[in-house]
$ cat input28.pdb   # PDB, C-alpha atoms
ATOM      1  CA  MET A   1       2.867  -6.757 -18.541
ATOM      2  CA  ALA A   2       6.609  -6.477 -18.027
ATOM      3  CA  ALA A   3       6.402  -2.683 -17.627
ATOM      4  CA  ASN A   4       3.601  -3.051 -15.078
ATOM      5  CA  ARG A   5       5.612  -5.583 -13.072
ATOM      6  CA  LYS A   6       8.707  -3.374 -13.156
ATOM      7  CA  LEU A   7       6.659  -0.411 -11.875
ATOM      8  CA  ALA A   8       4.984  -2.524  -9.175
ATOM      9  CA  LEU A   9       8.386  -3.677  -7.899
ATOM     10  CA  ALA A  10       9.795  -0.137  -7.932
ATOM     11  CA  ALA A  11       6.702   1.149  -6.127
ATOM     12  CA  ARG A  12       6.859  -1.653  -3.554
ATOM     13  CA  ASP A  13      10.522  -0.921  -2.849
ATOM     14  CA  LEU A  14       9.884   2.833  -2.609
ATOM     15  CA  LEU A  15       6.970   2.338  -0.201
ATOM     16  CA  ALA A  16       8.873  -0.174   1.932
ATOM     17  CA  ALA A  17      11.901   2.113   2.215
ATOM     18  CA  THR A  18       9.855   5.243   2.921
ATOM     19  CA  LEU A  19       7.614   3.572   5.502
ATOM     20  CA  GLY A  20      10.374   1.482   7.089
ATOM     21  CA  ILE A  21       8.583  -1.816   6.437
ATOM     22  CA  GLU A  22       9.577  -5.166   4.997
ATOM     23  CA  PRO A  23       7.894  -6.568   1.875
ATOM     24  CA  LEU A  24       5.740  -9.588   2.666
ATOM     25  CA  VAL A  25       6.885 -11.776  -0.247
ATOM     26  CA  PRO A  26       9.923 -12.015  -2.519
ATOM     27  CA  ALA A  27       9.937 -10.110  -5.802
ATOM     28  CA  ALA A  28       9.785 -13.386  -7.737
ATOM     29  CA  MET A  29       6.232 -13.920  -6.451
ATOM     30  CA  LEU A  30       4.872 -10.596  -7.757
ATOM     31  CA  GLY A  31       3.228  -9.520 -10.973
ATOM     32  CA  ALA A  32       1.623  -6.088 -11.217
ATOM     33  CA  MET A  33       0.307  -6.047  -7.635
ATOM     34  CA  ALA A  34       1.932  -6.036  -4.205
ATOM     35  CA  THR A  35       0.578  -6.153  -0.664
ATOM     36  CA  LEU A  36       2.511  -4.421   2.102
ATOM     37  CA  PRO A  37       2.009  -4.162   5.877
ATOM     38  CA  LEU A  38       1.019  -0.795   7.299
ATOM     39  CA  PRO A  39       3.178   0.738   9.999
ATOM     40  CA  GLY A  40       1.444   1.439  13.274
ATOM     41  CA  PRO A  41      -1.007  -0.509  15.383
ATOM     42  CA  PRO A  42      -2.398  -3.873  14.264
ATOM     43  CA  ASP A  43      -5.900  -4.257  12.918
ATOM     44  CA  THR A  44      -8.541  -3.980  15.623
ATOM     45  CA  GLY A  45     -11.715  -4.114  13.556
ATOM     46  CA  PRO A  46     -14.109  -7.039  13.266
ATOM     47  CA  PRO A  47     -14.073  -9.296  10.191
ATOM     48  CA  GLY A  48     -15.291  -7.372   7.159
ATOM     49  CA  PHE A  49     -14.538  -4.045   8.880
ATOM     50  CA  ALA A  50     -13.990  -1.190   6.416
ATOM     51  CA  ASP A  51     -10.740   0.391   7.567
ATOM     52  CA  PRO A  52     -11.265   4.147   8.084
ATOM     53  CA  LEU A  53      -7.908   4.793   6.405
ATOM     54  CA  ILE A  54      -9.563   4.016   3.053
ATOM     55  CA  ASP A  55     -11.936   6.949   3.428
ATOM     56  CA  THR A  56      -9.220   9.253   4.784
ATOM     57  CA  LEU A  57      -6.948   8.554   1.815
ATOM     58  CA  ARG A  58      -9.848   9.057  -0.583
ATOM     59  CA  ARG A  59     -11.173  12.314   0.917
ATOM     60  CA  THR A  60      -7.934  13.970   2.007
ATOM     61  CA  TRP A  61      -5.464  12.772  -0.612
ATOM     62  CA  SER A  62      -7.665  11.634  -3.550
ATOM     63  CA  ILE A  63      -5.978   8.228  -3.389
ATOM     64  CA  GLU A  64      -7.806   4.930  -3.881
ATOM     65  CA  VAL A  65      -6.037   2.006  -2.246
ATOM     66  CA  PRO A  66      -7.484  -1.049  -0.508
ATOM     67  CA  VAL A  67      -6.666  -1.415   3.186
ATOM     68  CA  PHE A  68      -7.632  -4.618   4.965
ATOM     69  CA  ALA A  69      -6.522  -7.107   7.607
ATOM     70  CA  VAL A  70      -4.592 -10.324   7.115
ATOM     71  CA  ASP A  71      -4.174 -12.391  10.275
ATOM     72  CA  GLY A  72      -4.579  -9.267  12.443
ATOM     73  CA  THR A  73      -2.101  -7.170  10.444
ATOM     74  CA  ARG A  74      -3.284  -4.078   8.567
ATOM     75  CA  VAL A  75      -2.080  -4.212   4.980
ATOM     76  CA  PHE A  76      -2.564  -2.226   1.788
ATOM     77  CA  ARG A  77      -2.338  -3.336  -1.820
ATOM     78  CA  ILE A  78      -0.918  -1.466  -4.772
ATOM     79  CA  SER A  79      -1.483  -2.206  -8.430
ATOM     80  CA  ALA A  80       0.556  -0.912 -11.354
ATOM     81  CA  GLN A  81      -0.807  -0.105 -14.796
ATOM     82  CA  LEU A  82       0.672   1.740 -17.783
ATOM     83  CA  TYR A  83      -1.068   4.970 -16.754
ATOM     84  CA  ASN A  84       0.552   4.971 -13.272
ATOM     85  CA  THR A  85       3.795   6.766 -12.436
ATOM     86  CA  ILE A  86       6.320   6.348  -9.657
ATOM     87  CA  ASP A  87       5.372   9.860  -8.478
ATOM     88  CA  GLN A  88       1.907   8.554  -7.603
ATOM     89  CA  TYR A  89       3.413   5.911  -5.335
ATOM     90  CA  GLN A  90       5.651   8.554  -3.749
ATOM     91  CA  ARG A  91       2.504  10.540  -2.962
ATOM     92  CA  LEU A  92       0.940   7.413  -1.470
ATOM     93  CA  ALA A  93       4.046   6.951   0.689
ATOM     94  CA  GLU A  94       3.727  10.542   1.924
ATOM     95  CA  ALA A  95       0.016  10.066   2.659
ATOM     96  CA  LEU A  96       0.633   6.830   4.556
ATOM     97  CA  THR A  97       3.477   8.411   6.518
ATOM     98  CA  VAL A  98       0.988  11.033   7.756
ATOM     99  CA  GLU A  99      -2.192   8.985   8.050
ATOM    100  CA  ALA A 100      -1.320   5.360   8.842
ATOM    101  CA  THR A 101       0.089   6.057  12.285
ATOM    102  CA  ALA A 102      -2.320   8.869  13.205
TER
END
$ encode --input "input28.pdb" --output "structure tokens"
Amino acid sequence: MAANRKLALAARDLLAATLGIEPLVPAAMLGAMATLPLPGPPDTGPPGFADPLIDTLRRTWSIEVPVFAVDGTRVFRISAQLYNTIDQYQRLAEALTVEATA
């Protein structure tokens, strides 16, 4: 559990720095998951709307990550497990840099 938390924090910090965003909560509130705001326009879909970014990340980048709205803000959530590596989160950062503001 400690290794997962350490990876989740490193991934959150990497994503925030790469995307130029601020983490939503302090590190003390996190375990092995973190939710971050997406750069770009706010959410414009109706409640329960499946964000098209989910499908784009899946088809184009082979990345599975939930994207949803919280109070009108588009956010994504990462989860860290022993089989994940920081390189995977770097790839996610690259994908979001290209796709999130498109």
$ residues_around --input "input28.pdb" --residues "Ala3 in chain A" --least-positions-apart "5" --cutoff "9 Å" --atoms "only C-alpha atoms" --output "list in words"
Ala8, Ala32, Ala80, Gln81 and Leu82 of chain A
$ residues_near_point --input "input28.pdb" --point "(2.1, 2.6, -2.3)" --cutoff "7 Å" --atoms "all atoms listed in the file" --output "ChimeraX atom specification"
/A:11-12,15,78,89,92-93
$ resolve_selection --input "input28.pdb" --expression "the PyMOL selection byres ((chain A and resi 73) around 7)" --output "ChimeraX atom specification"
/A:37,42-43,69-72,74-75
$ closest_residue --input "input28.pdb" --among "A:Leu57, A:Met29, A:Leu36, A:Leu7" --to "Arg91 in chain A" --atoms "all atoms listed in the file"
A:Leu57
$ residues_around --input "input28.pdb" --residues "Leu30 in chain A" --least-positions-apart "3" --cutoff "9 Å" --atoms "only C-alpha atoms" --output "mmCIF file with C-alpha atoms, keeping the file's coordinate frame"
data_model
loop_
_atom_site.group_PDB
_atom_site.id
_atom_site.type_symbol
_atom_site.label_atom_id
_atom_site.label_comp_id
_atom_site.auth_asym_id
_atom_site.auth_seq_id
_atom_site.Cartn_x
_atom_site.Cartn_y
_atom_site.Cartn_z
ATOM 1 C CA ARG A 5 5.612 -5.583 -13.072
ATOM 2 C CA ALA A 8 4.984 -2.524 -9.175
ATOM 3 C CA LEU A 9 8.386 -3.677 -7.899
ATOM 4 C CA VAL A 25 6.885 -11.776 -0.247
ATOM 5 C CA PRO A 26 9.923 -12.015 -2.519
ATOM 6 C CA ALA A 27 9.937 -10.110 -5.802
ATOM 7 C CA MET A 33 0.307 -6.047 -7.635
ATOM 8 C CA ALA A 34 1.932 -6.036 -4.205
#
$ closest_residue --input "input28.pdb" --among "A:Pro66, A:Gly31, A:Pro52, A:Pro23" --to "Asn4 in chain A" --atoms "only C-alpha atoms"
A:Gly31
$ atom_distance --input "input28.pdb" --atom1 "CA of Val67 in chain A" --atom2 "CA of Ala17 in chain A"
18.9 Å
$ atom_distance --input "input28.pdb" --atom1 "CA of Gln88 in chain A" --atom2 "CA of Phe49 in chain A"
26.5 Å
